[in-house]
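Notes for the one structure printed next.
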Amino acid sequence: MSKRSVVLLLSSALALTLAVPALGGPSNPVADGAASAKKTAKKALKKAGKAKKKANKANRTAKKAQTAADAAQVTADAAQSTGDAAQLSADAAQATADAAAADAAVNTGTKLGLEDVSDTSASNSTNDKVASASCPSGKDVTGGWGFVNGQQGNVAIYGLLKFYEDTSVLAAEVNATAGNWSVTAQAACINE
């Protein structure tokens with residue numbers, strides 16, 4: 001046999017070997033491996049396509065959530081502005097109410113005729129002194145008080161008398177002193 005015949009024979013045998021699986025003969029390992037790899041690649045592509053669809057859906061959901069969050073932030077900002085405006089209005093109303101209350105207190109005092117009057121005795125070194133604060137005509141005493149001017153510690157108030165129209169304060173030296181001092185009586189007066 002010539003070399004050419006041998007090569008031709010081997011080529012025919014190889015071609016027949018490769019063709020046999022197609023004709024129902026024994027399987028070809030190279031063809032089987034390629035078919036299995038192709039099948040695996042198709043499955044992987046299918047899974048990748050499904051994953052891509054899920055990712056796109058998740059992305060759309062995230063965008064919708066971001067849009068809703070942005071709208072909620074705008075609403076919250078508007079509510080904060082409304083709250084701030086309401087606080088300013090409440091502060092202004094409180095200031096108005098405070099001013100009205102102060103005016104009412106002044107007007108009430110004027111209507112009741114509240115008035116403080118005082119009287120101070122002579123300032124000298126005489127042992128006993130009396131001061132008497134009298135309310136104007138048409139007013140009564142609602143309270144009274146008195147205090148010593150000078151020589152504290154040596155002089156004391158020993159009497160505070162309240163009458164219908166005046167308050168009298170009586171003071172005397174507790175320790176003999178040569179210094180000058182006086183006593184003041186005050187009366188709180190109100191309309192009768």
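The way I read the labels, and the way they are meant: chains A, B, ... in the order of the structure tokens, residue 1 as the first residue of every chain, and ligand 1 as the first ligand shown, with later ones counted on from there.
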request  = Determine which residues of region 62-161 of chain A receive a DSSP assignment of alpha helix (DSSP H), computed from the backbone, and state them as a VMD selection string.
outcome  = chain A and resid 62 to 112
Include C-alpha atoms and write out the residues we just selected as a short mmCIF file (atom, residue, chain, number, x, y, z; two decimals), in the first residue's frame.
```
data_model
loop_
_atom_site.label_atom_id
_atom_site.label_comp_id
_atom_site.auth_asym_id
_atom_site.auth_seq_id
_atom_site.Cartn_x
_atom_site.Cartn_y
_atom_site.Cartn_z
CA ALA A 62 -36.17 52.37 44.05
CA LYS A 63 -36.83 55.34 41.76
CA LYS A 64 -40.50 55.38 42.79
CA ALA A 65 -39.48 55.22 46.46
CA GLN A 66 -37.02 58.10 45.97
CA THR A 67 -39.75 60.17 44.28
CA ALA A 68 -42.12 59.46 47.18
CA ALA A 69 -39.38 60.35 49.71
CA ASP A 70 -38.70 63.62 47.90
CA ALA A 71 -42.42 64.47 47.95
CA ALA A 72 -42.58 63.62 51.67
CA GLN A 73 -39.61 65.93 52.33
CA VAL A 74 -41.34 68.77 50.50
CA THR A 75 -44.47 68.15 52.60
CA ALA A 76 -42.40 68.07 55.81
CA ASP A 77 -40.66 71.33 54.88
CA ALA A 78 -44.03 72.97 54.21
CA ALA A 79 -45.35 71.70 57.56
CA GLN A 80 -42.27 73.10 59.33
CA SER A 81 -42.82 76.49 57.69
CA THR A 82 -46.47 76.42 58.76
CA GLY A 83 -45.44 75.50 62.31
CA ASP A 84 -42.90 78.34 62.41
CA ALA A 85 -45.53 80.80 61.19
CA ALA A 86 -47.99 79.52 63.80
CA GLN A 87 -45.35 79.98 66.54
CA LEU A 88 -44.77 83.58 65.42
CA SER A 89 -48.53 84.20 65.48
CA ALA A 90 -48.79 82.66 68.95
CA ASP A 91 -45.91 84.82 70.21
CA ALA A 92 -47.55 87.94 68.78
CA ALA A 93 -50.89 86.97 70.36
CA GLN A 94 -49.17 86.44 73.72
CA ALA A 95 -47.53 89.86 73.50
CA THR A 96 -50.90 91.44 72.67
CA ALA A 97 -52.54 89.61 75.58
CA ASP A 98 -49.77 90.70 77.96
CA ALA A 99 -50.15 94.32 76.85
CA ALA A 100 -53.95 94.10 77.27
CA ALA A 101 -53.53 92.63 80.77
CA ALA A 102 -51.14 95.44 81.72
CA ASP A 103 -53.60 98.03 80.40
CA ALA A 104 -56.44 96.35 82.31
CA ALA A 105 -54.40 96.42 85.52
CA VAL A 106 -53.67 100.13 85.09
CA ASN A 107 -57.31 100.87 84.26
CA THR A 108 -58.50 98.80 87.24
CA GLY A 109 -56.14 100.73 89.52
CA THR A 110 -57.43 104.01 88.12
CA LYS A 111 -61.06 102.95 88.55
CA LEU A 112 -60.45 101.85 92.13
#
```
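In this structure, CA of Val141 (chain A) sits 5.6 Å away from CA of Ala188 (chain A).
Taking CA of Ala58 (chain A) and CA of Lys39 (chain A) as the two end points, the separation is 28.8 Å.
Between CA of Ser137 (chain A) and CA of Ala122 (chain A) the separation is 24.7 Å.
Neighbouring residues of Asn154 (chain A) at 8 Å or closer, counting only C-alpha atoms and skipping chain neighbours under 5 positions away, are Glu173, Val174, Asn175, Ala176 and Thr177 of chain A.
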Residues at most 7 Å from region 113-119 of chain A, counting only C-alpha atoms, excluding those fewer than 6 positions away in the same chain, as a PDB file with N, CA and C atoms, in the first residue's frame?
```pdb
ATOM      1  N   ALA A 131     -45.939 110.377 112.978  1.00  0.00           N
ATOM      2  CA  ALA A 131     -46.235 110.807 111.602  1.00  0.00           C
ATOM      3  C   ALA A 131     -47.575 110.193 111.252  1.00  0.00           C
ATOM      4  N   SER A 132     -48.407 110.948 110.519  1.00  0.00           N
ATOM      5  CA  SER A 132     -49.741 110.464 110.193  1.00  0.00           C
ATOM      6  C   SER A 132     -50.026 110.755 108.728  1.00  0.00           C
ATOM      7  N   ALA A 133     -50.218 109.700 107.949  1.00  0.00           N
ATOM      8  CA  ALA A 133     -50.524 109.841 106.521  1.00  0.00           C
ATOM      9  C   ALA A 133     -52.028 109.721 106.353  1.00  0.00           C
ATOM     10  N   SER A 134     -52.661 110.762 105.816  1.00  0.00           N
ATOM     11  CA  SER A 134     -54.122 110.787 105.666  1.00  0.00           C
ATOM     12  C   SER A 134     -54.525 110.662 104.212  1.00  0.00           C
ATOM     13  N   CYS A 135     -55.558 109.836 103.972  1.00  0.00           N
ATOM     14  CA  CYS A 135     -56.090 109.675 102.624  1.00  0.00           C
ATOM     15  C   CYS A 135     -56.935 110.894 102.265  1.00  0.00           C
ATOM     16  N   THR A 184     -41.517 108.129 109.102  1.00  0.00           N
ATOM     17  CA  THR A 184     -42.401 108.340 107.944  1.00  0.00           C
ATOM     18  C   THR A 184     -43.555 107.342 108.025  1.00  0.00           C
ATOM     19  N   ALA A 185     -44.765 107.838 107.797  1.00  0.00           N
ATOM     20  CA  ALA A 185     -45.963 106.982 107.737  1.00  0.00           C
ATOM     21  C   ALA A 185     -46.461 106.989 106.306  1.00  0.00           C
ATOM     22  N   GLN A 186     -46.875 105.818 105.813  1.00  0.00           N
ATOM     23  CA  GLN A 186     -47.456 105.725 104.468  1.00  0.00           C
ATOM     24  C   GLN A 186     -48.790 105.008 104.569  1.00  0.00           C
ATOM     25  N   ALA A 187     -49.739 105.448 103.744  1.00  0.00           N
ATOM     26  CA  ALA A 187     -51.061 104.826 103.717  1.00  0.00           C
ATOM     27  C   ALA A 187     -51.418 104.494 102.282  1.00  0.00           C
ATOM     28  N   ALA A 188     -52.027 103.318 102.072  1.00  0.00           N
ATOM     29  CA  ALA A 188     -52.563 102.941 100.767  1.00  0.00           C
ATOM     30  C   ALA A 188     -54.048 103.262 100.796  1.00  0.00           C
ATOM     31  N   CYS A 189     -54.470 104.095  99.863  1.00  0.00           N
ATOM     32  CA  CYS A 189     -55.848 104.573  99.854  1.00  0.00           C
ATOM     33  C   CYS A 189     -56.607 104.027  98.648  1.00  0.00           C
ATOM     34  N   ILE A 190     -57.928 103.845  98.850  1.00  0.00           N
ATOM     35  CA  ILE A 190     -58.786 103.352  97.777  1.00  0.00           C
ATOM     36  C   ILE A 190     -60.130 104.081  97.861  1.00  0.00           C
ATOM     37  N   ASN A 191     -60.806 104.174  96.709  1.00  0.00           N
ATOM     38  CA  ASN A 191     -62.118 104.838  96.714  1.00  0.00           C
ATOM     39  C   ASN A 191     -63.063 104.148  97.693  1.00  0.00           C
TER      40      ASN A 191
END
```
query = Between A:Ser2, A:Asn56, A:Thr167, A:Ser182, which one has atoms that come closest to Gln152 (chain A), using only C-alpha atoms?
reply = A:Ser182
